[in-house]
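What follows is the content of final_17.pdb (PDB, C-alpha atoms).
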ATOM      1  CA  MET A   1      35.197 -87.547 -64.889
ATOM      2  CA  LYS A   2      36.595 -89.253 -61.852
ATOM      3  CA  ALA A   3      34.422 -91.569 -59.766
ATOM      4  CA  VAL A   4      34.264 -91.209 -55.989
ATOM      5  CA  GLU A   5      33.273 -94.333 -54.059
ATOM      6  CA  ARG A   6      32.365 -95.042 -50.437
ATOM      7  CA  LYS A   7      31.285 -98.152 -48.582
ATOM      8  CA  ILE A   8      27.885 -97.731 -46.985
ATOM      9  CA  LYS A   9      26.705 -99.322 -43.758
ATOM     10  CA  ILE A  10      23.201-100.122 -44.982
ATOM     11  CA  ASN A  11      23.051-103.805 -45.884
ATOM     12  CA  ASP A  12      19.632-103.762 -47.520
ATOM     13  CA  PHE A  13      19.491-102.658 -51.156
ATOM     14  CA  GLU A  14      15.942-101.269 -51.038
ATOM     15  CA  SER A  15      16.702 -99.299 -47.863
ATOM     16  CA  ALA A  16      19.857 -97.878 -49.416
ATOM     17  CA  LYS A  17      17.916 -96.807 -52.537
ATOM     18  CA  SER A  18      15.203 -95.187 -50.424
ATOM     19  CA  LYS A  19      17.681 -93.285 -48.255
ATOM     20  CA  LEU A  20      19.614 -92.128 -51.325
ATOM     21  CA  LYS A  21      16.420 -90.775 -52.903
ATOM     22  CA  ASP A  22      15.533 -88.948 -49.679
ATOM     23  CA  LEU A  23      19.010 -87.389 -49.483
ATOM     24  CA  VAL A  24      18.891 -86.348 -53.134
ATOM     25  CA  SER A  25      15.524 -84.687 -52.582
ATOM     26  CA  SER A  26      16.705 -82.941 -49.414
ATOM     27  CA  HIS A  27      19.358 -81.179 -51.546
ATOM     28  CA  ASN A  28      16.762 -79.961 -54.079
ATOM     29  CA  PHE A  29      17.748 -82.508 -56.692
ATOM     30  CA  ALA A  30      15.280 -84.755 -58.486
ATOM     31  CA  VAL A  31      15.721 -88.319 -59.682
ATOM     32  CA  LEU A  32      15.180 -88.218 -63.441
ATOM     33  CA  ALA A  33      15.855 -91.883 -64.151
ATOM     34  CA  GLU A  34      16.901 -95.139 -62.527
ATOM     35  CA  HIS A  35      19.078 -97.621 -64.383
ATOM     36  CA  ASP A  36      18.781-101.001 -62.643
ATOM     37  CA  PHE A  37      21.567-102.894 -64.368
ATOM     38  CA  GLY A  38      20.582-106.227 -62.813
ATOM     39  CA  ALA A  39      17.067-105.953 -64.298
ATOM     40  CA  ILE A  40      18.332-104.578 -67.623
ATOM     41  CA  LEU A  41      20.794-107.426 -68.062
ATOM     42  CA  LYS A  42      18.271-110.023 -66.898
ATOM     43  CA  SER A  43      15.900-108.825 -69.647
ATOM     44  CA  LYS A  44      18.753-109.531 -72.103
ATOM     45  CA  GLY A  45      19.289-113.049 -70.800
ATOM     46  CA  LYS A  46      22.319-112.191 -68.670
ATOM     47  CA  ASN A  47      22.642-112.559 -64.905
ATOM     48  CA  LEU A  48      24.680-109.901 -63.126
ATOM     49  CA  GLY A  49      24.341-111.746 -59.825
ATOM     50  CA  GLN A  50      24.428-108.586 -57.730
ATOM     51  CA  ASN A  51      22.532-105.341 -57.303
ATOM     52  CA  ALA A  52      23.687-102.322 -59.286
ATOM     53  CA  ILE A  53      21.639 -99.194 -59.881
ATOM     54  CA  VAL A  54      22.560 -95.761 -61.200
ATOM     55  CA  PHE A  55      20.382 -92.701 -60.759
ATOM     56  CA  ASP A  56      20.371 -89.708 -63.078
ATOM     57  CA  ILE A  57      19.780 -86.736 -60.782
ATOM     58  CA  CYS A  58      19.370 -83.058 -61.544
ATOM     59  CA  ASN A  59      18.974 -79.714 -59.873
ATOM     60  CA  ALA A  60      17.087 -77.605 -62.426
ATOM     61  CA  LEU A  61      18.554 -74.324 -61.177
ATOM     62  CA  LYS A  62      22.144 -75.582 -61.460
ATOM     63  CA  ALA A  63      21.453 -77.194 -64.840
ATOM     64  CA  HIS A  64      20.044 -73.891 -66.101
ATOM     65  CA  GLU A  65      23.105 -71.995 -64.848
ATOM     66  CA  ILE A  66      25.464 -74.460 -66.526
ATOM     67  CA  LEU A  67      23.595 -74.541 -69.836
ATOM     68  CA  THR A  68      23.254 -70.753 -69.915
ATOM     69  CA  ILE A  69      27.030 -70.436 -69.653
ATOM     70  CA  SER A  70      27.831 -73.274 -72.040
ATOM     71  CA  PRO A  71      25.170 -75.435 -73.741
ATOM     72  CA  ILE A  72      27.869 -77.949 -74.730
ATOM     73  CA  GLU A  73      28.197 -78.829 -71.028
ATOM     74  CA  GLY A  74      24.852 -80.581 -71.419
ATOM     75  CA  ILE A  75      26.912 -83.669 -72.264
ATOM     76  CA  ASN A  76      27.896 -83.769 -68.574
ATOM     77  CA  LEU A  77      24.296 -83.594 -67.358
ATOM     78  CA  PRO A  78      22.539 -85.021 -65.445
ATOM     79  CA  CYS A  79      24.677 -86.038 -62.489
ATOM     80  CA  LYS A  80      25.150 -89.758 -61.890
ATOM     81  CA  ILE A  81      25.108 -91.501 -58.522
ATOM     82  CA  GLY A  82      24.769 -95.213 -57.914
ATOM     83  CA  ILE A  83      24.581 -98.013 -55.401
ATOM     84  CA  PHE A  84      26.521-101.189 -56.082
ATOM     85  CA  GLU A  85      26.652-104.531 -54.312
ATOM     86  CA  GLU A  86      30.104-106.029 -53.904
ATOM     87  CA  SER A  87      31.437-108.995 -51.968
ATOM     88  CA  ASN A  88      32.111-106.795 -48.930
ATOM     89  CA  GLY A  89      28.742-105.006 -48.916
ATOM     90  CA  TYR A  90      27.175-102.019 -50.631
ATOM     91  CA  HIS A  91      28.989 -99.016 -52.042
ATOM     92  CA  VAL A  92      27.781 -95.657 -53.276
ATOM     93  CA  ALA A  93      29.626 -93.878 -56.059
ATOM     94  CA  TYR A  94      29.241 -90.720 -58.108
ATOM     95  CA  LEU A  95      30.956 -89.063 -61.014
ATOM     96  CA  ASP A  96      32.672 -86.005 -59.575
ATOM     97  CA  PRO A  97      31.665 -82.858 -61.501
ATOM     98  CA  LYS A  98      34.610 -80.860 -60.165
ATOM     99  CA  THR A  99      36.883 -83.074 -62.273
ATOM    100  CA  ILE A 100      35.266 -81.808 -65.491
ATOM    101  CA  GLU A 101      37.906 -79.873 -67.393
ATOM    102  CA  THR A 102      36.944 -76.305 -68.211
ATOM    103  CA  ASN A 103      38.668 -72.942 -68.367
ATOM    104  CA  ASP A 104      35.508 -71.098 -67.323
ATOM    105  CA  GLU A 105      35.753 -70.108 -63.662
ATOM    106  CA  ARG A 106      31.962 -69.777 -63.365
ATOM    107  CA  LEU A 107      31.530 -73.386 -64.444
ATOM    108  CA  LYS A 108      34.319 -74.538 -62.150
ATOM    109  CA  SER A 109      32.506 -72.868 -59.252
ATOM    110  CA  ILE A 110      29.161 -74.518 -60.093
ATOM    111  CA  PHE A 111      30.790 -77.929 -60.605
ATOM    112  CA  LYS A 112      32.553 -77.570 -57.248
ATOM    113  CA  GLU A 113      29.281 -76.684 -55.517
ATOM    114  CA  ILE A 114      27.507 -79.689 -57.042
ATOM    115  CA  SER A 115      30.450 -81.915 -56.118
ATOM    116  CA  GLU A 116      30.143 -80.807 -52.485
ATOM    117  CA  ILE A 117      26.443 -81.723 -52.513
ATOM    118  CA  LEU A 118      27.154 -85.166 -53.973
ATOM    119  CA  GLU A 119      29.874 -85.677 -51.388
ATOM    120  CA  ASP A 120      27.463 -84.722 -48.613
ATOM    121  CA  ILE A 121      24.861 -87.165 -49.928
ATOM    122  CA  THR A 122      27.373 -90.030 -50.047
ATOM    123  CA  LEU A 123      28.817 -89.219 -46.636
ATOM    124  CA  LYS A 124      25.340 -89.227 -45.076
ATOM    125  CA  LEU A 125      24.558 -92.496 -46.818
ATOM    126  CA  SER A 126      27.717 -94.035 -45.405
ATOM    127  CA  GLU A 127      26.999 -92.977 -41.797
TER     128      GLU A 127
END

In structure tokens, what does this structure look like?
Amino acid sequence: MKAVERKIKINDFESAKSKLKDLVSSHNFAVLAEHDFGAILKSKGKNLGQNAIVFDICNALKAHEILTISPIEGINLPCKIGIFEESNGYHVAYLDPKTIETNDERLKSIFKEISEILEDITLKLSE
């Protein structure tokens, strides 16, 4: 899958995380897990030196539709979206579901719809 990245205007990591969670929820997605890479690496004796978090998010209805059509597509679930600190500020990025290769038009349509939601979330976060 291809990653889509945008710079965000929020310069506070906790505020960016909170706004992302609110936007995810407003689109009927749930946060299933948070992967705080700074904390994970610190627990392994490594210092990342910057904030980096990835959220696993899911919309149960869309996941059900996808898995009903093709259970193997479960390898592409849940969706991933993250906030990353870089030298020029914070960025939000997601793996774009519409870039998943499939010949099934129903899946393409669902992946496109989810991609549009993720794009909306990142655009609102970058406002």

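For the set A:Phe111, A:Lys98, A:Leu77, A:Val92, the residue with the smallest atom-to-atom gap to Leu32 in chain A is A:Leu77, counting all atoms listed in the file.
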
Quiz item: Which is closer to Glu34 in chain A than all the others in A:Ile57, A:Leu107, A:Ala63, A:Leu48, using all atoms listed in the file?
Solution: A:Ile57

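Residue nearest Leu118 in chain A within the list A:Ser43, A:Pro97, A:Gly38, A:Glu105: A:Pro97 [criterion: smallest interatomic distance, all atoms listed in the file].
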
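Our summary of the geometry notes that CA of His64 in chain A is positioned 18.3 Å from CA of Glu116 in chain A.
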
Quiz item: With distances taken over only C-alpha atoms, which of A:Ile69, A:Leu20, A:Ile40, A:Ala60 is nearest to Gly82 in chain A?
Solution: A:Leu20
